[in-house]
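K.L.:
What follows is entry.txt, compact mmCIF, N, CA and C atoms.
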# COMPACT_ATOMS: atom_id res chain seq x y z
N MET W 1 -70.03 300.02 -52.94
CA MET W 1 -70.66 301.32 -52.82
C MET W 1 -69.65 302.39 -52.38
N GLN W 2 -68.78 302.02 -51.42
CA GLN W 2 -67.76 302.96 -50.95
C GLN W 2 -66.75 303.28 -52.03
N THR W 3 -66.35 302.28 -52.78
CA THR W 3 -65.37 302.48 -53.86
C THR W 3 -65.93 303.43 -54.91
N GLU W 4 -67.19 303.22 -55.26
CA GLU W 4 -67.84 304.07 -56.25
C GLU W 4 -67.96 305.51 -55.73
N PHE W 5 -68.38 305.65 -54.47
CA PHE W 5 -68.51 306.98 -53.86
C PHE W 5 -67.16 307.69 -53.84
N LEU W 6 -66.12 306.97 -53.43
CA LEU W 6 -64.78 307.54 -53.36
C LEU W 6 -64.31 308.03 -54.73
N ALA W 7 -64.50 307.22 -55.74
CA ALA W 7 -64.03 307.57 -57.09
C ALA W 7 -64.86 308.68 -57.74
N GLU W 8 -66.17 308.62 -57.57
CA GLU W 8 -67.04 309.54 -58.30
C GLU W 8 -67.35 310.84 -57.56
N LYS W 9 -67.31 310.83 -56.24
CA LYS W 9 -67.70 312.03 -55.50
C LYS W 9 -66.61 312.60 -54.59
N LEU W 10 -66.00 311.73 -53.78
CA LEU W 10 -65.07 312.24 -52.77
C LEU W 10 -63.74 312.67 -53.38
N GLN W 11 -63.13 311.85 -54.22
CA GLN W 11 -61.85 312.22 -54.83
C GLN W 11 -61.94 313.51 -55.65
N PRO W 12 -63.00 313.70 -56.46
CA PRO W 12 -63.12 314.98 -57.17
C PRO W 12 -63.24 316.18 -56.22
N LYS W 13 -63.94 316.00 -55.08
CA LYS W 13 -64.06 317.09 -54.10
C LYS W 13 -62.71 317.39 -53.46
N ILE W 14 -61.96 316.35 -53.16
CA ILE W 14 -60.62 316.55 -52.58
C ILE W 14 -59.74 317.29 -53.57
N GLU W 15 -59.84 316.94 -54.83
CA GLU W 15 -59.05 317.63 -55.87
C GLU W 15 -59.47 319.10 -55.98
N GLU W 16 -60.77 319.37 -55.91
CA GLU W 16 -61.24 320.76 -55.91
C GLU W 16 -60.66 321.53 -54.74
N ALA W 17 -60.63 320.89 -53.57
CA ALA W 17 -60.09 321.54 -52.37
C ALA W 17 -58.60 321.80 -52.51
N ARG W 18 -57.87 320.85 -53.09
CA ARG W 18 -56.43 321.01 -53.30
C ARG W 18 -56.11 322.19 -54.21
N THR W 19 -56.97 322.40 -55.20
CA THR W 19 -56.74 323.49 -56.16
C THR W 19 -57.35 324.81 -55.69
N GLY W 20 -58.00 324.80 -54.54
CA GLY W 20 -58.54 326.03 -53.98
C GLY W 20 -59.91 326.44 -54.48
N ARG W 21 -60.57 325.56 -55.23
CA ARG W 21 -61.91 325.90 -55.73
C ARG W 21 -62.99 325.71 -54.68
N CYS W 22 -62.70 324.99 -53.62
CA CYS W 22 -63.65 324.85 -52.51
C CYS W 22 -62.85 324.55 -51.24
N VAL W 23 -63.52 324.62 -50.11
CA VAL W 23 -62.93 324.24 -48.83
C VAL W 23 -63.71 323.02 -48.36
N LEU W 24 -63.02 321.92 -48.16
CA LEU W 24 -63.65 320.65 -47.81
C LEU W 24 -63.41 320.31 -46.34
N PHE W 25 -64.49 320.06 -45.64
CA PHE W 25 -64.42 319.68 -44.23
C PHE W 25 -65.05 318.31 -44.03
N PHE W 26 -64.46 317.54 -43.15
CA PHE W 26 -65.06 316.28 -42.71
C PHE W 26 -65.62 316.53 -41.32
N VAL W 27 -66.90 316.22 -41.14
CA VAL W 27 -67.63 316.58 -39.92
C VAL W 27 -68.09 315.33 -39.20
N ASP W 28 -67.92 315.35 -37.87
CA ASP W 28 -68.43 314.26 -37.04
C ASP W 28 -68.39 314.72 -35.59
N ALA W 29 -69.08 313.98 -34.75
CA ALA W 29 -69.10 314.28 -33.32
C ALA W 29 -68.42 313.15 -32.55
N SER W 30 -67.85 313.52 -31.43
CA SER W 30 -67.29 312.54 -30.51
C SER W 30 -67.85 312.85 -29.13
N HIS W 31 -68.11 311.80 -28.38
CA HIS W 31 -68.76 311.96 -27.08
C HIS W 31 -67.86 311.33 -26.02
N PHE W 32 -67.33 312.17 -25.14
CA PHE W 32 -66.43 311.70 -24.10
C PHE W 32 -67.21 311.54 -22.81
N VAL W 33 -67.17 310.34 -22.23
CA VAL W 33 -67.91 310.04 -21.02
C VAL W 33 -67.12 310.55 -19.82
N LEU W 34 -67.79 311.29 -18.94
CA LEU W 34 -67.14 311.82 -17.75
C LEU W 34 -67.31 310.81 -16.62
N SER W 35 -66.45 309.82 -16.62
CA SER W 35 -66.50 308.77 -15.62
C SER W 35 -65.12 308.16 -15.51
N THR W 36 -64.90 307.50 -14.42
CA THR W 36 -63.61 306.87 -14.20
C THR W 36 -63.59 305.49 -14.85
N PHE W 37 -62.55 305.24 -15.62
CA PHE W 37 -62.35 303.92 -16.20
C PHE W 37 -60.98 303.45 -15.77
N LEU W 38 -60.93 302.40 -15.00
CA LEU W 38 -59.67 301.85 -14.54
C LEU W 38 -59.29 300.72 -15.47
N GLY W 39 -58.28 300.92 -16.25
CA GLY W 39 -57.90 299.93 -17.25
C GLY W 39 -57.14 298.76 -16.69
N TYR W 40 -56.12 299.01 -15.86
CA TYR W 40 -55.29 297.93 -15.36
C TYR W 40 -54.62 298.40 -14.08
N LEU W 41 -54.63 297.56 -13.09
CA LEU W 41 -54.01 297.89 -11.80
C LEU W 41 -53.43 296.62 -11.23
N TRP W 42 -52.18 296.65 -10.84
CA TRP W 42 -51.57 295.49 -10.23
C TRP W 42 -51.71 295.60 -8.74
N SER W 43 -52.12 294.50 -8.07
CA SER W 43 -52.18 294.47 -6.62
C SER W 43 -52.13 293.01 -6.17
N PHE W 44 -51.81 292.80 -4.88
CA PHE W 44 -51.76 291.45 -4.33
C PHE W 44 -53.16 290.85 -4.20
N VAL W 45 -54.12 291.71 -3.94
CA VAL W 45 -55.49 291.28 -3.72
C VAL W 45 -56.39 291.98 -4.73
N ARG W 46 -57.37 291.24 -5.25
CA ARG W 46 -58.32 291.85 -6.20
C ARG W 46 -59.15 292.90 -5.46
N ILE W 47 -59.15 294.11 -6.02
CA ILE W 47 -59.88 295.23 -5.42
C ILE W 47 -60.85 295.77 -6.45
N PHE W 48 -62.08 295.99 -6.03
CA PHE W 48 -63.07 296.61 -6.90
C PHE W 48 -63.25 298.05 -6.45
N ILE W 49 -62.99 298.96 -7.37
CA ILE W 49 -63.11 300.38 -7.06
C ILE W 49 -64.40 300.89 -7.70
N LYS W 50 -65.29 301.39 -6.87
CA LYS W 50 -66.55 301.91 -7.39
C LYS W 50 -66.32 303.26 -8.04
N SER W 51 -67.01 303.47 -9.13
CA SER W 51 -66.95 304.77 -9.79
C SER W 51 -68.38 305.22 -10.03
N PRO W 52 -68.57 306.53 -10.16
CA PRO W 52 -69.93 307.02 -10.36
C PRO W 52 -70.49 306.52 -11.69
N SER W 53 -71.75 306.19 -11.66
CA SER W 53 -72.39 305.78 -12.91
C SER W 53 -73.14 306.96 -13.49
N GLY W 54 -73.63 306.80 -14.66
CA GLY W 54 -74.37 307.88 -15.30
C GLY W 54 -73.92 308.07 -16.72
N ARG W 55 -74.54 308.99 -17.39
CA ARG W 55 -74.23 309.22 -18.80
C ARG W 55 -73.81 310.65 -19.04
N GLN W 56 -73.19 311.28 -18.06
CA GLN W 56 -72.73 312.64 -18.28
C GLN W 56 -71.59 312.61 -19.28
N ARG W 57 -71.71 313.46 -20.31
CA ARG W 57 -70.74 313.45 -21.40
C ARG W 57 -70.26 314.86 -21.71
N TYR W 58 -69.14 314.88 -22.39
CA TYR W 58 -68.62 316.11 -22.98
C TYR W 58 -68.61 315.86 -24.47
N ASN W 59 -69.45 316.57 -25.20
CA ASN W 59 -69.62 316.35 -26.63
C ASN W 59 -68.80 317.35 -27.44
N VAL W 60 -68.15 316.86 -28.47
CA VAL W 60 -67.37 317.70 -29.37
C VAL W 60 -67.83 317.42 -30.79
N LEU W 61 -68.35 318.44 -31.44
CA LEU W 61 -68.69 318.36 -32.86
C LEU W 61 -67.57 319.07 -33.60
N GLY W 62 -66.94 318.37 -34.51
CA GLY W 62 -65.78 318.94 -35.19
C GLY W 62 -65.91 318.98 -36.69
N ALA W 63 -65.23 319.94 -37.28
CA ALA W 63 -65.10 320.05 -38.74
C ALA W 63 -63.60 320.12 -39.01
N PHE W 64 -63.09 319.13 -39.71
CA PHE W 64 -61.66 318.98 -39.97
C PHE W 64 -61.38 319.31 -41.44
N ASN W 65 -60.58 320.35 -41.66
CA ASN W 65 -60.25 320.78 -43.02
C ASN W 65 -59.34 319.73 -43.67
N ALA W 66 -59.79 319.20 -44.79
CA ALA W 66 -59.07 318.12 -45.47
C ALA W 66 -57.68 318.53 -45.96
N ILE W 67 -57.48 319.81 -46.24
CA ILE W 67 -56.21 320.26 -46.81
C ILE W 67 -55.31 320.91 -45.76
N SER W 68 -55.84 321.90 -45.02
CA SER W 68 -55.01 322.62 -44.04
C SER W 68 -54.95 321.94 -42.68
N HIS W 69 -55.83 320.98 -42.45
CA HIS W 69 -55.94 320.25 -41.18
C HIS W 69 -56.36 321.13 -40.01
N GLU W 70 -57.00 322.26 -40.30
CA GLU W 70 -57.59 323.10 -39.25
C GLU W 70 -58.77 322.36 -38.66
N LEU W 71 -59.00 322.57 -37.38
CA LEU W 71 -60.14 321.95 -36.70
C LEU W 71 -61.02 323.04 -36.09
N PHE W 72 -62.30 322.99 -36.40
CA PHE W 72 -63.29 323.88 -35.80
C PHE W 72 -64.20 323.02 -34.95
N THR W 73 -64.56 323.50 -33.76
CA THR W 73 -65.38 322.69 -32.87
C THR W 73 -66.53 323.46 -32.25
N VAL W 74 -67.55 322.72 -31.89
CA VAL W 74 -68.65 323.18 -31.06
C VAL W 74 -68.74 322.15 -29.94
N THR W 75 -68.74 322.60 -28.70
CA THR W 75 -68.77 321.67 -27.57
C THR W 75 -69.96 321.95 -26.67
N ASN W 76 -70.39 320.91 -25.98
CA ASN W 76 -71.43 321.06 -24.97
C ASN W 76 -71.46 319.84 -24.07
N ASP W 77 -72.27 319.91 -23.02
CA ASP W 77 -72.44 318.75 -22.14
C ASP W 77 -73.88 318.24 -22.17
N ALA W 78 -74.60 318.59 -23.22
CA ALA W 78 -75.99 318.15 -23.36
C ALA W 78 -76.08 317.16 -24.52
N TYR W 79 -76.47 317.64 -25.68
CA TYR W 79 -76.63 316.79 -26.86
C TYR W 79 -76.12 317.50 -28.10
N ILE W 80 -75.60 316.74 -29.04
CA ILE W 80 -75.31 317.27 -30.36
C ILE W 80 -76.60 317.14 -31.16
N ASN W 81 -77.03 318.24 -31.76
CA ASN W 81 -78.28 318.22 -32.52
C ASN W 81 -78.15 319.16 -33.72
N ALA W 82 -79.26 319.42 -34.37
CA ALA W 82 -79.25 320.27 -35.57
C ALA W 82 -78.71 321.66 -35.26
N ASN W 83 -79.04 322.20 -34.09
CA ASN W 83 -78.54 323.53 -33.73
C ASN W 83 -77.02 323.54 -33.57
N SER W 84 -76.46 322.42 -33.12
CA SER W 84 -75.00 322.31 -33.02
C SER W 84 -74.37 322.34 -34.40
N ILE W 85 -74.98 321.65 -35.36
CA ILE W 85 -74.47 321.64 -36.74
C ILE W 85 -74.53 323.05 -37.32
N ILE W 86 -75.63 323.75 -37.07
CA ILE W 86 -75.77 325.11 -37.59
C ILE W 86 -74.74 326.04 -36.95
N ALA W 87 -74.49 325.90 -35.65
CA ALA W 87 -73.46 326.71 -34.99
C ALA W 87 -72.10 326.47 -35.62
N LEU W 88 -71.81 325.23 -35.95
CA LEU W 88 -70.54 324.90 -36.61
C LEU W 88 -70.48 325.52 -38.01
N MET W 89 -71.57 325.42 -38.75
CA MET W 89 -71.60 326.02 -40.09
C MET W 89 -71.43 327.53 -40.02
N GLU W 90 -72.00 328.17 -39.00
CA GLU W 90 -71.84 329.62 -38.83
C GLU W 90 -70.38 329.99 -38.61
N GLN W 91 -69.66 329.19 -37.81
CA GLN W 91 -68.21 329.42 -37.61
C GLN W 91 -67.47 329.35 -38.94
N LEU W 92 -67.80 328.35 -39.74
CA LEU W 92 -67.11 328.16 -41.02
C LEU W 92 -67.43 329.28 -41.99
N LEU W 93 -68.68 329.75 -41.97
CA LEU W 93 -69.07 330.86 -42.85
C LEU W 93 -68.32 332.14 -42.51
N VAL W 94 -68.08 332.38 -41.23
CA VAL W 94 -67.32 333.56 -40.81
C VAL W 94 -65.87 333.43 -41.25
N ARG W 95 -65.27 332.27 -41.00
CA ARG W 95 -63.85 332.07 -41.30
C ARG W 95 -63.58 332.00 -42.81
N TYR W 96 -64.50 331.40 -43.55
CA TYR W 96 -64.29 331.21 -44.99
C TYR W 96 -65.32 331.97 -45.82
N ALA W 97 -65.58 333.19 -45.43
CA ALA W 97 -66.55 334.04 -46.15
C ALA W 97 -66.13 334.16 -47.61
N GLY W 98 -67.06 333.96 -48.50
CA GLY W 98 -66.79 334.08 -49.92
C GLY W 98 -66.23 332.83 -50.56
N SER W 99 -65.97 331.80 -49.78
CA SER W 99 -65.45 330.54 -50.33
C SER W 99 -66.57 329.52 -50.47
N ALA W 100 -66.42 328.63 -51.42
CA ALA W 100 -67.35 327.51 -51.55
C ALA W 100 -66.99 326.48 -50.48
N ILE W 101 -67.95 326.14 -49.64
CA ILE W 101 -67.72 325.22 -48.51
C ILE W 101 -68.47 323.92 -48.78
N THR W 102 -67.78 322.80 -48.58
CA THR W 102 -68.40 321.48 -48.67
C THR W 102 -68.16 320.75 -47.36
N LEU W 103 -69.22 320.16 -46.81
CA LEU W 103 -69.12 319.38 -45.58
C LEU W 103 -69.40 317.92 -45.90
N ALA W 104 -68.43 317.06 -45.65
CA ALA W 104 -68.61 315.62 -45.80
C ALA W 104 -69.01 315.07 -44.44
N MET W 105 -70.20 314.48 -44.38
CA MET W 105 -70.75 314.02 -43.10
C MET W 105 -71.32 312.62 -43.24
N ASP W 106 -71.47 311.97 -42.08
CA ASP W 106 -72.15 310.68 -42.10
C ASP W 106 -73.66 310.91 -42.15
N ASN W 107 -74.42 309.91 -41.89
CA ASN W 107 -75.86 310.01 -42.07
C ASN W 107 -76.63 310.14 -40.76
N ALA W 108 -76.05 310.84 -39.79
CA ALA W 108 -76.77 311.05 -38.53
C ALA W 108 -78.06 311.82 -38.81
N ARG W 109 -79.10 311.47 -38.09
CA ARG W 109 -80.42 312.06 -38.32
C ARG W 109 -80.39 313.58 -38.17
N TYR W 110 -79.66 314.09 -37.18
CA TYR W 110 -79.62 315.53 -36.96
C TYR W 110 -78.84 316.27 -38.06
N GLN W 111 -78.09 315.56 -38.87
CA GLN W 111 -77.37 316.18 -39.99
C GLN W 111 -78.23 316.24 -41.25
N ARG W 112 -79.20 315.38 -41.34
CA ARG W 112 -80.05 315.30 -42.54
C ARG W 112 -81.42 315.97 -42.36
N CYS W 113 -81.64 316.61 -41.24
CA CYS W 113 -82.96 317.21 -40.99
C CYS W 113 -83.17 318.46 -41.85
N LYS W 114 -84.44 318.87 -41.96
CA LYS W 114 -84.80 320.03 -42.79
C LYS W 114 -84.11 321.30 -42.33
N LEU W 115 -84.00 321.49 -41.03
CA LEU W 115 -83.38 322.70 -40.49
C LEU W 115 -81.95 322.86 -41.01
N VAL W 116 -81.18 321.79 -40.93
CA VAL W 116 -79.78 321.82 -41.39
C VAL W 116 -79.72 321.95 -42.91
N MET W 117 -80.55 321.17 -43.60
CA MET W 117 -80.54 321.20 -45.08
C MET W 117 -80.91 322.58 -45.60
N ASN W 118 -81.92 323.19 -45.00
CA ASN W 118 -82.34 324.53 -45.44
C ASN W 118 -81.28 325.58 -45.12
N PHE W 119 -80.66 325.50 -43.94
CA PHE W 119 -79.60 326.46 -43.58
C PHE W 119 -78.45 326.35 -44.58
N ALA W 120 -78.04 325.12 -44.88
CA ALA W 120 -76.94 324.91 -45.82
C ALA W 120 -77.30 325.47 -47.20
N LYS W 121 -78.50 325.18 -47.65
CA LYS W 121 -78.93 325.66 -48.96
C LYS W 121 -78.97 327.18 -49.01
N ASP W 122 -79.51 327.81 -47.96
CA ASP W 122 -79.62 329.27 -47.90
C ASP W 122 -78.27 329.96 -47.87
N HIS W 123 -77.24 329.27 -47.36
CA HIS W 123 -75.91 329.88 -47.24
C HIS W 123 -74.89 329.32 -48.22
N GLY W 124 -75.36 328.52 -49.17
CA GLY W 124 -74.47 328.02 -50.22
C GLY W 124 -73.47 326.97 -49.77
N ILE W 125 -73.80 326.23 -48.73
CA ILE W 125 -72.92 325.17 -48.25
C ILE W 125 -73.37 323.85 -48.87
N GLU W 126 -72.44 323.14 -49.48
CA GLU W 126 -72.76 321.83 -50.07
C GLU W 126 -72.60 320.76 -49.00
N LEU W 127 -73.60 319.90 -48.87
CA LEU W 127 -73.53 318.78 -47.94
C LEU W 127 -73.30 317.51 -48.74
N LEU W 128 -72.23 316.82 -48.42
CA LEU W 128 -71.86 315.58 -49.09
C LEU W 128 -71.97 314.46 -48.07
N PHE W 129 -73.00 313.62 -48.21
CA PHE W 129 -73.23 312.57 -47.23
C PHE W 129 -72.51 311.30 -47.63
N LEU W 130 -71.70 310.80 -46.71
CA LEU W 130 -70.93 309.58 -46.94
C LEU W 130 -71.87 308.38 -46.96
N PRO W 131 -71.48 307.31 -47.63
CA PRO W 131 -72.31 306.11 -47.64
C PRO W 131 -72.46 305.55 -46.22
N PRO W 132 -73.55 304.84 -45.95
CA PRO W 132 -73.74 304.24 -44.63
C PRO W 132 -72.57 303.31 -44.26
N TYR W 133 -72.25 303.30 -42.98
CA TYR W 133 -71.21 302.41 -42.44
C TYR W 133 -69.87 302.58 -43.14
N SER W 134 -69.44 303.82 -43.28
CA SER W 134 -68.14 304.05 -43.92
C SER W 134 -67.30 305.07 -43.14
N PRO W 135 -67.03 304.81 -41.86
CA PRO W 135 -66.19 305.74 -41.10
C PRO W 135 -64.77 305.83 -41.66
N ASN W 136 -64.35 304.82 -42.43
CA ASN W 136 -63.02 304.84 -43.04
C ASN W 136 -62.88 305.95 -44.07
N LEU W 137 -64.00 306.50 -44.58
CA LEU W 137 -63.94 307.60 -45.54
C LEU W 137 -63.95 308.97 -44.86
N ASN W 138 -64.22 309.01 -43.57
CA ASN W 138 -64.33 310.27 -42.86
C ASN W 138 -63.01 310.57 -42.13
N LEU W 139 -62.25 311.53 -42.64
CA LEU W 139 -60.92 311.83 -42.08
C LEU W 139 -60.94 312.20 -40.61
N ILE W 140 -62.01 312.83 -40.14
CA ILE W 140 -62.04 313.25 -38.74
C ILE W 140 -62.07 312.05 -37.79
N GLU W 141 -62.47 310.90 -38.26
CA GLU W 141 -62.47 309.69 -37.42
C GLU W 141 -61.05 309.36 -36.96
N ARG W 142 -60.08 309.65 -37.79
CA ARG W 142 -58.67 309.40 -37.42
C ARG W 142 -58.24 310.34 -36.29
N LEU W 143 -58.75 311.57 -36.33
CA LEU W 143 -58.47 312.53 -35.26
C LEU W 143 -59.09 312.06 -33.95
N TRP W 144 -60.32 311.60 -33.99
CA TRP W 144 -60.99 311.16 -32.76
C TRP W 144 -60.26 309.97 -32.13
N ARG W 145 -59.61 309.17 -32.95
CA ARG W 145 -58.89 308.02 -32.42
C ARG W 145 -57.80 308.46 -31.45
N TYR W 146 -57.23 309.64 -31.70
CA TYR W 146 -56.17 310.11 -30.82
C TYR W 146 -56.70 311.05 -29.77
Step by step, read the file and then write its structure as structure tokens.

P.N.:
Amino acid sequence: MQTEFLAEKLQPKIEEARTGRCVLFFVDASHFVLSTFLGYLWSFVRIFIKSPSGRQRYNVLGAFNAISHELFTVTNDAYINANSIIALMEQLLVRYAGSAITLAMDNARYQRCKLVMNFAKDHGIELLFLPPYSPNLNLIERLWRY
């Protein structure tokens, strides 16, 4: 399924972006936990260091330009939702006014909702949904790794 998607949909979009006929972004969110993680500590005696528990996060929703490698972000400490996607699309519409914009995204529920789909349709943004379980096709995943 991934091979077919890559050959029939993603590669042609990348080629369009290379020739300037559209601007292609890979979109995804990353969630950074605000907590202490002690990876490795050498000591004579085993010591357990308590750290605060909880789920406080710093969320980053990013759009990574496949050609220029520009990164646009929306951040918060609450939740990434449909309104976050729309805020990101608004940034892209301002920066790339008059250009054909394509967003390659995974299948998160907040990306496929009516609010996002209608906003994209009303503003001429093409949404290209990657096949399920294919983070290897989403370029922004490589950025999150670092």

K.L.:
DSSP on the backbone: which residues in chain W end up as alpha helix (DSSP H)? Give the answer as an MDAnalysis selection string.

P.N.:
chainID W and resid 2:5 11:18 82:95 114:122 140:145

K.L.:
Please determine the residues with any atom at most 8 Å from (-67.0, 316.3, -35.8) (coordinates as given in the file, with only C-alpha atoms counting) and report them as a list of chain:residue names.

P.N.:
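Output of the proximity query reads W:Phe26, W:Val27, W:Asp28, W:Ala29, W:Ser30, W:Val60, W:Leu61, W:Gly62, W:Ala63, W:Phe64, W:Thr73, W:Ile140.
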
K.L.:
For the atom pair atom CA of W:Val74 and atom CA of W:Ser99, what is the interatomic distance in Å to one decimal place?

P.N.:
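These two atoms are separated by 20.9 Å.
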
K.L.:
From the DSSP assignment of the backbone, select every residue of chain W that is strand (DSSP E or B), and format the answer as a ChimeraX atom specification.

P.N.:
/W:23-33,57-65,71-76,101-105,125-129

K.L.:
Counting only N, CA and C atoms, what is within 8 Å of W:Gly124, bar same-chain residues fewer than 3 positions away, as a list in words?

P.N.:
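Here the qualifying residues turn out to be Ser99, Ala100, Ile101, Thr102, Asn118, Phe119, Ala120, Lys121 and Leu127 of chain W.
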
K.L.:
Would you write out those residues with N, CA and C atoms, as a compact mmCIF listing (two decimals), in the frame of the given file?

P.N.:
# COMPACT_ATOMS: atom_id res chain seq x y z
N SER W 99 -65.97 331.80 -49.78
CA SER W 99 -65.45 330.54 -50.33
C SER W 99 -66.57 329.52 -50.47
N ALA W 100 -66.42 328.63 -51.42
CA ALA W 100 -67.35 327.51 -51.55
C ALA W 100 -66.99 326.48 -50.48
N ILE W 101 -67.95 326.14 -49.64
CA ILE W 101 -67.72 325.22 -48.51
C ILE W 101 -68.47 323.92 -48.78
N THR W 102 -67.78 322.80 -48.58
CA THR W 102 -68.40 321.48 -48.67
C THR W 102 -68.16 320.75 -47.36
N ASN W 118 -81.92 323.19 -45.00
CA ASN W 118 -82.34 324.53 -45.44
C ASN W 118 -81.28 325.58 -45.12
N PHE W 119 -80.66 325.50 -43.94
CA PHE W 119 -79.60 326.46 -43.58
C PHE W 119 -78.45 326.35 -44.58
N ALA W 120 -78.04 325.12 -44.88
CA ALA W 120 -76.94 324.91 -45.82
C ALA W 120 -77.30 325.47 -47.20
N LYS W 121 -78.50 325.18 -47.65
CA LYS W 121 -78.93 325.66 -48.96
C LYS W 121 -78.97 327.18 -49.01
N LEU W 127 -73.60 319.90 -48.87
CA LEU W 127 -73.53 318.78 -47.94
C LEU W 127 -73.30 317.51 -48.74

K.L.:
To one decimal place in Å, what is the distance between atom N of W:Glu16 and atom CA of W:Asn83?

P.N.:
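Computing the Euclidean distance for atom N of W:Glu16 and atom CA of W:Asn83 yields 28.7 Å.
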
K.L.:
If you count only C-alpha atoms, which residues fall within 12 Å of W:Leu139, apart from same-chain ones fewer than 5 positions away, as a ChimeraX atom specification?

P.N.:
/W:10,14,24-28,62-67,69,71,103-106,130,134,144-145

K.L.:
Can you work out which one of W:Val23, W:Ala97, W:Ala82, W:Leu128 has the shortest atom-to-atom distance to W:Gln111, counting only N, CA and C atoms?

P.N.:
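Residue with the minimum atom-to-atom distance to W:Gln111: W:Ala82.
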
K.L.:
May I ask which of the residues W:Met1, W:Ile86, W:Ala17, W:Val45 is the closest one to W:Leu115, counting all atoms listed in the file?

P.N.:
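Residue with the minimum atom-to-atom distance to W:Leu115: W:Ile86.
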
K.L.:
Nearest to W:Cys113 among W:Asn81, W:Ser68, W:Asn138, W:Gln91, with distances taken over only C-alpha atoms: which residue is it?

P.N.:
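For W:Cys113, the nearest of the given residues is W:Asn81.
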